[in-house]
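This is entry25.cif. It holds mmCIF, N, CA and C atoms, pLDDT in the B column; chains and numbers go by the auth columns.
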```
data_final
loop_
_atom_site.group_PDB
_atom_site.id
_atom_site.type_symbol
_atom_site.label_atom_id
_atom_site.label_comp_id
_atom_site.label_asym_id
_atom_site.label_seq_id
_atom_site.Cartn_x
_atom_site.Cartn_y
_atom_site.Cartn_z
_atom_site.B_iso_or_equiv
_atom_site.auth_seq_id
_atom_site.auth_asym_id
ATOM 1 N N MET A 1 37.526 -15.027 -69.314 91.00 1 A
ATOM 2 C CA MET A 1 38.656 -14.446 -68.630 91.00 1 A
ATOM 3 C C MET A 1 38.159 -13.271 -67.796 91.00 1 A
ATOM 4 N N PRO A 2 38.062 -13.429 -66.485 95.00 2 A
ATOM 5 C CA PRO A 2 37.632 -12.319 -65.641 95.00 2 A
ATOM 6 C C PRO A 2 38.693 -11.229 -65.557 95.00 2 A
ATOM 7 N N TYR A 3 38.211 -9.997 -65.573 97.00 3 A
ATOM 8 C CA TYR A 3 39.053 -8.819 -65.372 97.00 3 A
ATOM 9 C C TYR A 3 38.379 -8.002 -64.276 97.00 3 A
ATOM 10 N N VAL A 4 39.092 -7.774 -63.178 98.00 4 A
ATOM 11 C CA VAL A 4 38.539 -7.037 -62.046 98.00 4 A
ATOM 12 C C VAL A 4 39.387 -5.792 -61.847 98.00 4 A
ATOM 13 N N ASN A 5 38.726 -4.643 -61.753 98.00 5 A
ATOM 14 C CA ASN A 5 39.411 -3.377 -61.521 98.00 5 A
ATOM 15 C C ASN A 5 38.992 -2.867 -60.151 98.00 5 A
ATOM 16 N N ILE A 6 39.949 -2.726 -59.250 98.00 6 A
ATOM 17 C CA ILE A 6 39.691 -2.234 -57.900 98.00 6 A
ATOM 18 C C ILE A 6 40.279 -0.836 -57.799 98.00 6 A
ATOM 19 N N GLN A 7 39.457 0.134 -57.441 97.00 7 A
ATOM 20 C CA GLN A 7 39.938 1.502 -57.263 97.00 7 A
ATOM 21 C C GLN A 7 39.870 1.848 -55.785 97.00 7 A
ATOM 22 N N ILE A 8 41.022 2.289 -55.259 96.00 8 A
ATOM 23 C CA ILE A 8 41.110 2.663 -53.848 96.00 8 A
ATOM 24 C C ILE A 8 41.904 3.956 -53.737 96.00 8 A
ATOM 25 N N THR A 9 41.735 4.655 -52.623 93.00 9 A
ATOM 26 C CA THR A 9 42.606 5.796 -52.384 93.00 9 A
ATOM 27 C C THR A 9 43.974 5.282 -51.994 93.00 9 A
ATOM 28 N N LYS A 10 44.995 6.084 -52.273 94.00 10 A
ATOM 29 C CA LYS A 10 46.378 5.678 -52.005 94.00 10 A
ATOM 30 C C LYS A 10 46.596 5.394 -50.532 94.00 10 A
ATOM 31 N N GLY A 11 47.534 4.489 -50.264 93.00 11 A
ATOM 32 C CA GLY A 11 47.905 4.224 -48.889 93.00 11 A
ATOM 33 C C GLY A 11 47.957 2.754 -48.514 93.00 11 A
ATOM 34 N N ALA A 12 47.444 1.889 -49.369 97.00 12 A
ATOM 35 C CA ALA A 12 47.490 0.460 -49.053 97.00 12 A
ATOM 36 C C ALA A 12 48.917 -0.052 -49.218 97.00 12 A
ATOM 37 N N SER A 13 49.305 -0.959 -48.345 98.00 13 A
ATOM 38 C CA SER A 13 50.640 -1.559 -48.440 98.00 13 A
ATOM 39 C C SER A 13 50.653 -2.615 -49.540 98.00 13 A
ATOM 40 N N LYS A 14 51.853 -3.028 -49.936 98.00 14 A
ATOM 41 C CA LYS A 14 51.981 -4.089 -50.930 98.00 14 A
ATOM 42 C C LYS A 14 51.332 -5.367 -50.421 98.00 14 A
ATOM 43 N N GLN A 15 51.482 -5.663 -49.125 98.00 15 A
ATOM 44 C CA GLN A 15 50.874 -6.859 -48.535 98.00 15 A
ATOM 45 C C GLN A 15 49.348 -6.789 -48.591 98.00 15 A
ATOM 46 N N GLN A 16 48.784 -5.618 -48.333 98.00 16 A
ATOM 47 C CA GLN A 16 47.325 -5.462 -48.400 98.00 16 A
ATOM 48 C C GLN A 16 46.829 -5.660 -49.832 98.00 16 A
ATOM 49 N N LYS A 17 47.552 -5.093 -50.795 98.00 17 A
ATOM 50 C CA LYS A 17 47.147 -5.258 -52.197 98.00 17 A
ATOM 51 C C LYS A 17 47.272 -6.721 -52.628 98.00 17 A
ATOM 52 N N ALA A 18 48.315 -7.401 -52.187 98.00 18 A
ATOM 53 C CA ALA A 18 48.468 -8.819 -52.507 98.00 18 A
ATOM 54 C C ALA A 18 47.300 -9.625 -51.931 98.00 18 A
ATOM 55 N N ALA A 19 46.883 -9.281 -50.713 98.00 19 A
ATOM 56 C CA ALA A 19 45.748 -9.974 -50.091 98.00 19 A
ATOM 57 C C ALA A 19 44.462 -9.734 -50.884 98.00 19 A
ATOM 58 N N LEU A 20 44.258 -8.513 -51.374 98.00 20 A
ATOM 59 C CA LEU A 20 43.081 -8.228 -52.202 98.00 20 A
ATOM 60 C C LEU A 20 43.084 -9.075 -53.468 98.00 20 A
ATOM 61 N N VAL A 21 44.230 -9.116 -54.149 98.00 21 A
ATOM 62 C CA VAL A 21 44.332 -9.899 -55.389 98.00 21 A
ATOM 63 C C VAL A 21 44.034 -11.371 -55.108 98.00 21 A
ATOM 64 N N LYS A 22 44.602 -11.898 -54.038 98.00 22 A
ATOM 65 C CA LYS A 22 44.371 -13.310 -53.688 98.00 22 A
ATOM 66 C C LYS A 22 42.906 -13.569 -53.356 98.00 22 A
ATOM 67 N N ASP A 23 42.314 -12.717 -52.520 98.00 23 A
ATOM 68 C CA ASP A 23 40.921 -12.921 -52.109 98.00 23 A
ATOM 69 C C ASP A 23 39.951 -12.804 -53.283 98.00 23 A
ATOM 70 N N VAL A 24 40.154 -11.820 -54.148 98.00 24 A
ATOM 71 C CA VAL A 24 39.269 -11.661 -55.312 98.00 24 A
ATOM 72 C C VAL A 24 39.409 -12.861 -56.241 98.00 24 A
ATOM 73 N N THR A 25 40.648 -13.279 -56.491 98.00 25 A
ATOM 74 C CA THR A 25 40.871 -14.445 -57.347 98.00 25 A
ATOM 75 C C THR A 25 40.230 -15.695 -56.740 98.00 25 A
ATOM 76 N N ASP A 26 40.450 -15.916 -55.446 98.00 26 A
ATOM 77 C CA ASP A 26 39.856 -17.077 -54.774 98.00 26 A
ATOM 78 C C ASP A 26 38.332 -17.060 -54.858 98.00 26 A
ATOM 79 N N SER A 27 37.727 -15.879 -54.739 97.00 27 A
ATOM 80 C CA SER A 27 36.267 -15.766 -54.830 97.00 27 A
ATOM 81 C C SER A 27 35.770 -16.133 -56.219 97.00 27 A
ATOM 82 N N LEU A 28 36.463 -15.662 -57.249 97.00 28 A
ATOM 83 C CA LEU A 28 36.054 -15.993 -58.618 97.00 28 A
ATOM 84 C C LEU A 28 36.196 -17.481 -58.899 97.00 28 A
ATOM 85 N N VAL A 29 37.222 -18.101 -58.339 97.00 29 A
ATOM 86 C CA VAL A 29 37.394 -19.549 -58.484 97.00 29 A
ATOM 87 C C VAL A 29 36.264 -20.279 -57.769 97.00 29 A
ATOM 88 N N ARG A 30 36.001 -19.891 -56.513 97.00 30 A
ATOM 89 C CA ARG A 30 35.003 -20.573 -55.683 97.00 30 A
ATOM 90 C C ARG A 30 33.572 -20.360 -56.194 97.00 30 A
ATOM 91 N N VAL A 31 33.221 -19.117 -56.511 97.00 31 A
ATOM 92 C CA VAL A 31 31.827 -18.796 -56.839 97.00 31 A
ATOM 93 C C VAL A 31 31.489 -19.085 -58.303 97.00 31 A
ATOM 94 N N LEU A 32 32.404 -18.759 -59.209 97.00 32 A
ATOM 95 C CA LEU A 32 32.104 -18.877 -60.637 97.00 32 A
ATOM 96 C C LEU A 32 32.872 -19.992 -61.342 97.00 32 A
ATOM 97 N N GLY A 33 33.759 -20.666 -60.602 97.00 33 A
ATOM 98 C CA GLY A 33 34.528 -21.743 -61.211 97.00 33 A
ATOM 99 C C GLY A 33 35.568 -21.269 -62.215 97.00 33 A
ATOM 100 N N LYS A 34 36.015 -20.036 -62.090 97.00 34 A
ATOM 101 C CA LYS A 34 37.013 -19.490 -63.009 97.00 34 A
ATOM 102 C C LYS A 34 38.396 -20.029 -62.682 97.00 34 A
ATOM 103 N N LYS A 35 39.262 -20.074 -63.681 96.00 35 A
ATOM 104 C CA LYS A 35 40.625 -20.530 -63.481 96.00 35 A
ATOM 105 C C LYS A 35 41.484 -19.354 -63.011 96.00 35 A
ATOM 106 N N PRO A 36 42.264 -19.544 -61.940 97.00 36 A
ATOM 107 C CA PRO A 36 43.074 -18.436 -61.446 97.00 36 A
ATOM 108 C C PRO A 36 44.061 -17.910 -62.484 97.00 36 A
ATOM 109 N N GLU A 37 44.575 -18.775 -63.334 96.00 37 A
ATOM 110 C CA GLU A 37 45.542 -18.337 -64.335 96.00 37 A
ATOM 111 C C GLU A 37 44.913 -17.499 -65.453 96.00 37 A
ATOM 112 N N HIS A 38 43.577 -17.445 -65.473 96.00 38 A
ATOM 113 C CA HIS A 38 42.874 -16.611 -66.454 96.00 38 A
ATOM 114 C C HIS A 38 42.282 -15.357 -65.818 96.00 38 A
ATOM 115 N N THR A 39 42.527 -15.154 -64.544 97.00 39 A
ATOM 116 C CA THR A 39 41.926 -14.044 -63.802 97.00 39 A
ATOM 117 C C THR A 39 42.922 -12.895 -63.671 97.00 39 A
ATOM 118 N N HIS A 40 42.471 -11.712 -64.054 98.00 40 A
ATOM 119 C CA HIS A 40 43.287 -10.502 -63.974 98.00 40 A
ATOM 120 C C HIS A 40 42.666 -9.548 -62.961 98.00 40 A
ATOM 121 N N VAL A 41 43.486 -9.052 -62.054 98.00 41 A
ATOM 122 C CA VAL A 41 43.033 -8.075 -61.060 98.00 41 A
ATOM 123 C C VAL A 41 43.956 -6.865 -61.155 98.00 41 A
ATOM 124 N N VAL A 42 43.371 -5.692 -61.354 98.00 42 A
ATOM 125 C CA VAL A 42 44.127 -4.451 -61.438 98.00 42 A
ATOM 126 C C VAL A 42 43.711 -3.567 -60.274 98.00 42 A
ATOM 127 N N ILE A 43 44.698 -3.055 -59.555 98.00 43 A
ATOM 128 C CA ILE A 43 44.428 -2.124 -58.459 98.00 43 A
ATOM 129 C C ILE A 43 44.898 -0.750 -58.888 98.00 43 A
ATOM 130 N N GLN A 44 43.981 0.196 -58.895 98.00 44 A
ATOM 131 C CA GLN A 44 44.307 1.584 -59.216 98.00 44 A
ATOM 132 C C GLN A 44 44.243 2.390 -57.935 98.00 44 A
ATOM 133 N N GLU A 45 45.338 3.050 -57.614 97.00 45 A
ATOM 134 C CA GLU A 45 45.360 3.912 -56.436 97.00 45 A
ATOM 135 C C GLU A 45 45.150 5.361 -56.882 97.00 45 A
ATOM 136 N N ILE A 46 44.253 6.023 -56.208 96.00 46 A
ATOM 137 C CA ILE A 46 43.864 7.379 -56.571 96.00 46 A
ATOM 138 C C ILE A 46 44.139 8.307 -55.393 96.00 46 A
ATOM 139 N N GLU A 47 44.708 9.453 -55.676 94.00 47 A
ATOM 140 C CA GLU A 47 44.961 10.450 -54.637 94.00 47 A
ATOM 141 C C GLU A 47 43.634 10.860 -53.990 94.00 47 A
ATOM 142 N N GLU A 48 43.667 11.096 -52.688 91.00 48 A
ATOM 143 C CA GLU A 48 42.442 11.495 -51.981 91.00 48 A
ATOM 144 C C GLU A 48 41.873 12.801 -52.522 91.00 48 A
ATOM 145 N N GLU A 49 42.720 13.671 -53.033 91.00 49 A
ATOM 146 C CA GLU A 49 42.233 14.930 -53.589 91.00 49 A
ATOM 147 C C GLU A 49 41.563 14.732 -54.953 91.00 49 A
ATOM 148 N N ASP A 50 41.672 13.528 -55.515 95.00 50 A
ATOM 149 C CA ASP A 50 41.048 13.208 -56.796 95.00 50 A
ATOM 150 C C ASP A 50 39.842 12.287 -56.643 95.00 50 A
ATOM 151 N N TRP A 51 39.391 12.074 -55.413 92.00 51 A
ATOM 152 C CA TRP A 51 38.272 11.160 -55.138 92.00 51 A
ATOM 153 C C TRP A 51 37.223 11.943 -54.355 92.00 51 A
ATOM 154 N N GLY A 52 35.986 11.939 -54.834 92.00 52 A
ATOM 155 C CA GLY A 52 34.902 12.635 -54.151 92.00 52 A
ATOM 156 C C GLY A 52 34.081 11.694 -53.295 92.00 52 A
ATOM 157 N N PHE A 53 33.627 12.206 -52.171 85.00 53 A
ATOM 158 C CA PHE A 53 32.810 11.417 -51.244 85.00 53 A
ATOM 159 C C PHE A 53 31.905 12.367 -50.487 85.00 53 A
ATOM 160 N N ALA A 54 30.635 12.075 -50.430 88.00 54 A
ATOM 161 C CA ALA A 54 29.663 12.865 -49.672 88.00 54 A
ATOM 162 C C ALA A 54 29.686 14.339 -50.074 88.00 54 A
ATOM 163 N N GLY A 55 29.905 14.589 -51.365 94.00 55 A
ATOM 164 C CA GLY A 55 29.904 15.960 -51.864 94.00 55 A
ATOM 165 C C GLY A 55 31.203 16.717 -51.646 94.00 55 A
ATOM 166 N N LEU A 56 32.216 16.048 -51.147 94.00 56 A
ATOM 167 C CA LEU A 56 33.508 16.681 -50.874 94.00 56 A
ATOM 168 C C LEU A 56 34.627 15.827 -51.447 94.00 56 A
ATOM 169 N N LEU A 57 35.789 16.447 -51.652 93.00 57 A
ATOM 170 C CA LEU A 57 36.960 15.643 -51.953 93.00 57 A
ATOM 171 C C LEU A 57 37.316 14.871 -50.696 93.00 57 A
ATOM 172 N N THR A 58 37.819 13.658 -50.851 91.00 58 A
ATOM 173 C CA THR A 58 38.053 12.778 -49.711 91.00 58 A
ATOM 174 C C THR A 58 38.998 13.383 -48.687 91.00 58 A
ATOM 175 N N ASP A 59 40.055 14.078 -49.144 90.00 59 A
ATOM 176 C CA ASP A 59 40.965 14.686 -48.167 90.00 59 A
ATOM 177 C C ASP A 59 40.270 15.746 -47.329 90.00 59 A
ATOM 178 N N GLU A 60 39.364 16.503 -47.940 93.00 60 A
ATOM 179 C CA GLU A 60 38.607 17.520 -47.195 93.00 60 A
ATOM 180 C C GLU A 60 37.612 16.852 -46.245 93.00 60 A
ATOM 181 N N TRP A 61 36.941 15.791 -46.703 92.00 61 A
ATOM 182 C CA TRP A 61 35.984 15.081 -45.855 92.00 61 A
ATOM 183 C C TRP A 61 36.692 14.532 -44.619 92.00 61 A
ATOM 184 N N LYS A 62 37.872 13.918 -44.803 90.00 62 A
ATOM 185 C CA LYS A 62 38.632 13.383 -43.678 90.00 62 A
ATOM 186 C C LYS A 62 39.054 14.488 -42.720 90.00 62 A
ATOM 187 N N ARG A 63 39.440 15.627 -43.279 92.00 63 A
ATOM 188 C CA ARG A 63 39.835 16.755 -42.434 92.00 63 A
ATOM 189 C C ARG A 63 38.655 17.201 -41.567 92.00 63 A
ATOM 190 N N GLN A 64 37.484 17.297 -42.158 92.00 64 A
ATOM 191 C CA GLN A 64 36.299 17.706 -41.399 92.00 64 A
ATOM 192 C C GLN A 64 35.933 16.689 -40.327 92.00 64 A
ATOM 193 N N GLN A 65 36.133 15.418 -40.598 91.00 65 A
ATOM 194 C CA GLN A 65 35.801 14.380 -39.614 91.00 65 A
ATOM 195 C C GLN A 65 36.723 14.442 -38.403 91.00 65 A
ATOM 196 N N SER A 66 37.937 14.917 -38.606 92.00 66 A
ATOM 197 C CA SER A 66 38.891 14.961 -37.483 92.00 66 A
ATOM 198 C C SER A 66 38.738 16.221 -36.640 92.00 66 A
ATOM 199 N N GLU A 67 37.924 17.159 -37.066 89.00 67 A
ATOM 200 C CA GLU A 67 37.718 18.404 -36.291 89.00 67 A
ATOM 201 C C GLU A 67 36.741 18.212 -35.165 89.00 67 A
#
```

Transcribe the structure of this file into structure tokens.
Amino acid sequence: MPYVNIQITKGASKQQKAALVKDVTDSLVRVLGKKPEHTHVVIQEIEEEDWGFAGLLTDEWKRQQSE
């Protein structure tokens, strides 16, 4: 039973998350022969201020990139 945990910063639409779940499930079926009804995909959305990137919090990094 595959369990996939996807962590992203907040902001994805419901349609985008549905597409991720479908694509990941389809890949597990195609590549590993797993059954879709046994595949679990969890999407965790994390605030940008709680995610670090390049030594900075993501919201700060994005702010610096826009300057």

Segment 33-42 of chain A: which residues within 8 Å, counting all atoms listed in the file, same-chain residues fewer than 4 positions away excluded, as a PDB file with N, CA and C atoms, keeping the file's coordinate frame?
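In the end it all went to result_27.pdb:
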```pdb
ATOM      1  N   MET A   1      37.526 -15.027 -69.314  1.00 91.00           N
ATOM      2  CA  MET A   1      38.656 -14.446 -68.630  1.00 91.00           C
ATOM      3  C   MET A   1      38.159 -13.271 -67.796  1.00 91.00           C
ATOM      4  N   PRO A   2      38.062 -13.429 -66.485  1.00 95.00           N
ATOM      5  CA  PRO A   2      37.632 -12.319 -65.641  1.00 95.00           C
ATOM      6  C   PRO A   2      38.693 -11.229 -65.557  1.00 95.00           C
ATOM      7  N   TYR A   3      38.211  -9.997 -65.573  1.00 97.00           N
ATOM      8  CA  TYR A   3      39.053  -8.819 -65.372  1.00 97.00           C
ATOM      9  C   TYR A   3      38.379  -8.002 -64.276  1.00 97.00           C
ATOM     10  N   VAL A   4      39.092  -7.774 -63.178  1.00 98.00           N
ATOM     11  CA  VAL A   4      38.539  -7.037 -62.046  1.00 98.00           C
ATOM     12  C   VAL A   4      39.387  -5.792 -61.847  1.00 98.00           C
ATOM     13  N   ASN A   5      38.726  -4.643 -61.753  1.00 98.00           N
ATOM     14  CA  ASN A   5      39.411  -3.377 -61.521  1.00 98.00           C
ATOM     15  C   ASN A   5      38.992  -2.867 -60.151  1.00 98.00           C
ATOM     16  N   ILE A   6      39.949  -2.726 -59.250  1.00 98.00           N
ATOM     17  CA  ILE A   6      39.691  -2.234 -57.900  1.00 98.00           C
ATOM     18  C   ILE A   6      40.279  -0.836 -57.799  1.00 98.00           C
ATOM     19  N   GLN A   7      39.457   0.134 -57.441  1.00 97.00           N
ATOM     20  CA  GLN A   7      39.938   1.502 -57.263  1.00 97.00           C
ATOM     21  C   GLN A   7      39.870   1.848 -55.785  1.00 97.00           C
ATOM     22  N   LEU A  20      44.258  -8.513 -51.374  1.00 98.00           N
ATOM     23  CA  LEU A  20      43.081  -8.228 -52.202  1.00 98.00           C
ATOM     24  C   LEU A  20      43.084  -9.075 -53.468  1.00 98.00           C
ATOM     25  N   VAL A  21      44.230  -9.116 -54.149  1.00 98.00           N
ATOM     26  CA  VAL A  21      44.332  -9.899 -55.389  1.00 98.00           C
ATOM     27  C   VAL A  21      44.034 -11.371 -55.108  1.00 98.00           C
ATOM     28  N   VAL A  24      40.154 -11.820 -54.148  1.00 98.00           N
ATOM     29  CA  VAL A  24      39.269 -11.661 -55.312  1.00 98.00           C
ATOM     30  C   VAL A  24      39.409 -12.861 -56.241  1.00 98.00           C
ATOM     31  N   THR A  25      40.648 -13.279 -56.491  1.00 98.00           N
ATOM     32  CA  THR A  25      40.871 -14.445 -57.347  1.00 98.00           C
ATOM     33  C   THR A  25      40.230 -15.695 -56.740  1.00 98.00           C
ATOM     34  N   ASP A  26      40.450 -15.916 -55.446  1.00 98.00           N
ATOM     35  CA  ASP A  26      39.856 -17.077 -54.774  1.00 98.00           C
ATOM     36  C   ASP A  26      38.332 -17.060 -54.858  1.00 98.00           C
ATOM     37  N   SER A  27      37.727 -15.879 -54.739  1.00 97.00           N
ATOM     38  CA  SER A  27      36.267 -15.766 -54.830  1.00 97.00           C
ATOM     39  C   SER A  27      35.770 -16.133 -56.219  1.00 97.00           C
ATOM     40  N   LEU A  28      36.463 -15.662 -57.249  1.00 97.00           N
ATOM     41  CA  LEU A  28      36.054 -15.993 -58.618  1.00 97.00           C
ATOM     42  C   LEU A  28      36.196 -17.481 -58.899  1.00 97.00           C
ATOM     43  N   VAL A  29      37.222 -18.101 -58.339  1.00 97.00           N
ATOM     44  CA  VAL A  29      37.394 -19.549 -58.484  1.00 97.00           C
ATOM     45  C   VAL A  29      36.264 -20.279 -57.769  1.00 97.00           C
TER      46      VAL A  29
END
```

Selection result for the PyMOL selection byres ((chain A and resi 9) around 6) on this file, as number ranges by chain: A: 7-8, 10-12, 45-48

Backbone DSSP call of alpha helix (DSSP H) for segment 12-47 of chain A, listed as a list in words: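 Here is the list: Lys14, Gln15, Gln16, Lys17, Ala18, Ala19, Leu20, Val21, Lys22, Asp23, Val24, Thr25, Asp26, Ser27, Leu28, Val29, Arg30, Val31 and Leu32 of chain A.
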
Sel. of strand (DSSP E) residues, chain A, as a ChimeraX atom specification: /A:3-9,40-46,52-53,56-57

First collect every listed atom of segment 22-29 of chain A; then fit an axis-aligned box around them, widen it by 6 Å on each side, and give centre and edge lengths in Å to one decimal, as JSON.
```
{"center_x": 40.2, "center_y": -16.0, "center_z": -55.5, "size_x": 20.8, "size_y": 20.6, "size_z": 18.8}
```

Segment 15-43 of chain A from the block above: N, CA and C atoms written as an mmCIF file, in the first residue's frame:
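Everything below was put into part-v2.cif:
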```cif
data_model
loop_
_atom_site.group_PDB
_atom_site.id
_atom_site.type_symbol
_atom_site.label_atom_id
_atom_site.label_comp_id
_atom_site.auth_asym_id
_atom_site.auth_seq_id
_atom_site.Cartn_x
_atom_site.Cartn_y
_atom_site.Cartn_z
ATOM 1 N N GLN A 15 -8.160 22.262 -7.742
ATOM 2 C CA GLN A 15 -7.923 21.597 -9.026
ATOM 3 C C GLN A 15 -6.459 21.182 -9.173
ATOM 4 N N GLN A 16 -5.541 22.032 -8.739
ATOM 5 C CA GLN A 16 -4.114 21.691 -8.815
ATOM 6 C C GLN A 16 -3.796 20.506 -7.904
ATOM 7 N N LYS A 17 -4.362 20.513 -6.700
ATOM 8 C CA LYS A 17 -4.119 19.397 -5.778
ATOM 9 C C LYS A 17 -4.724 18.102 -6.324
ATOM 10 N N ALA A 18 -5.899 18.182 -6.924
ATOM 11 C CA ALA A 18 -6.510 16.998 -7.523
ATOM 12 C C ALA A 18 -5.621 16.448 -8.642
ATOM 13 N N ALA A 19 -5.042 17.346 -9.438
ATOM 14 C CA ALA A 19 -4.146 16.916 -10.519
ATOM 15 C C ALA A 19 -2.903 16.227 -9.954
ATOM 16 N N LEU A 20 -2.355 16.745 -8.857
ATOM 17 C CA LEU A 20 -1.203 16.097 -8.220
ATOM 18 C C LEU A 20 -1.552 14.688 -7.760
ATOM 19 N N VAL A 21 -2.692 14.552 -7.083
ATOM 20 C CA VAL A 21 -3.114 13.233 -6.588
ATOM 21 C C VAL A 21 -3.277 12.261 -7.755
ATOM 22 N N LYS A 22 -3.914 12.715 -8.821
ATOM 23 C CA LYS A 22 -4.117 11.848 -9.994
ATOM 24 C C LYS A 22 -2.791 11.457 -10.635
ATOM 25 N N ASP A 23 -1.909 12.433 -10.849
ATOM 26 C CA ASP A 23 -0.628 12.151 -11.505
ATOM 27 C C ASP A 23 0.253 11.222 -10.672
ATOM 28 N N VAL A 24 0.317 11.447 -9.367
ATOM 29 C CA VAL A 24 1.132 10.578 -8.504
ATOM 30 C C VAL A 24 0.564 9.165 -8.501
ATOM 31 N N THR A 25 -0.758 9.055 -8.375
ATOM 32 C CA THR A 25 -1.389 7.734 -8.395
ATOM 33 C C THR A 25 -1.137 7.031 -9.731
ATOM 34 N N ASP A 26 -1.334 7.749 -10.834
ATOM 35 C CA ASP A 26 -1.095 7.165 -12.158
ATOM 36 C C ASP A 26 0.349 6.694 -12.316
ATOM 37 N N SER A 27 1.301 7.453 -11.775
ATOM 38 C CA SER A 27 2.713 7.065 -11.859
ATOM 39 C C SER A 27 2.981 5.784 -11.084
ATOM 40 N N LEU A 28 2.408 5.672 -9.892
ATOM 41 C CA LEU A 28 2.606 4.454 -9.098
ATOM 42 C C LEU A 28 1.986 3.240 -9.773
ATOM 43 N N VAL A 29 0.854 3.434 -10.430
ATOM 44 C CA VAL A 29 0.227 2.344 -11.182
ATOM 45 C C VAL A 29 1.112 1.947 -12.356
ATOM 46 N N ARG A 30 1.561 2.946 -13.130
ATOM 47 C CA ARG A 30 2.344 2.693 -14.345
ATOM 48 C C ARG A 30 3.735 2.121 -14.036
ATOM 49 N N VAL A 31 4.438 2.722 -13.081
ATOM 50 C CA VAL A 31 5.839 2.354 -12.843
ATOM 51 C C VAL A 31 5.976 1.127 -11.939
ATOM 52 N N LEU A 32 5.155 1.051 -10.898
ATOM 53 C CA LEU A 32 5.313 -0.019 -9.911
ATOM 54 C C LEU A 32 4.190 -1.053 -9.932
ATOM 55 N N GLY A 33 3.184 -0.824 -10.784
ATOM 56 C CA GLY A 33 2.079 -1.770 -10.857
ATOM 57 C C GLY A 33 1.180 -1.766 -9.630
ATOM 58 N N LYS A 34 1.152 -0.669 -8.900
ATOM 59 C CA LYS A 34 0.321 -0.572 -7.701
ATOM 60 C C LYS A 34 -1.137 -0.366 -8.074
ATOM 61 N N LYS A 35 -2.034 -0.783 -7.196
ATOM 62 C CA LYS A 35 -3.456 -0.602 -7.423
ATOM 63 C C LYS A 35 -3.870 0.787 -6.933
ATOM 64 N N PRO A 36 -4.602 1.544 -7.759
ATOM 65 C CA PRO A 36 -4.989 2.886 -7.336
ATOM 66 C C PRO A 36 -5.823 2.891 -6.059
ATOM 67 N N GLU A 37 -6.636 1.875 -5.854
ATOM 68 C CA GLU A 37 -7.477 1.834 -4.663
ATOM 69 C C GLU A 37 -6.687 1.558 -3.379
ATOM 70 N N HIS A 38 -5.406 1.208 -3.533
ATOM 71 C CA HIS A 38 -4.539 0.995 -2.370
ATOM 72 C C HIS A 38 -3.545 2.136 -2.182
ATOM 73 N N THR A 39 -3.633 3.155 -3.006
ATOM 74 C CA THR A 39 -2.667 4.256 -2.991
ATOM 75 C C THR A 39 -3.241 5.450 -2.233
ATOM 76 N N HIS A 40 -2.466 5.938 -1.279
ATOM 77 C CA HIS A 40 -2.853 7.094 -0.473
ATOM 78 C C HIS A 40 -1.900 8.248 -0.766
ATOM 79 N N VAL A 41 -2.464 9.409 -1.038
ATOM 80 C CA VAL A 41 -1.665 10.614 -1.276
ATOM 81 C C VAL A 41 -2.165 11.690 -0.318
ATOM 82 N N VAL A 42 -1.254 12.249 0.467
ATOM 83 C CA VAL A 42 -1.585 13.307 1.410
ATOM 84 C C VAL A 42 -0.839 14.562 0.988
ATOM 85 N N ILE A 43 -1.568 15.665 0.897
ATOM 86 C CA ILE A 43 -0.950 16.952 0.580
ATOM 87 C C ILE A 43 -0.990 17.809 1.827
#
```
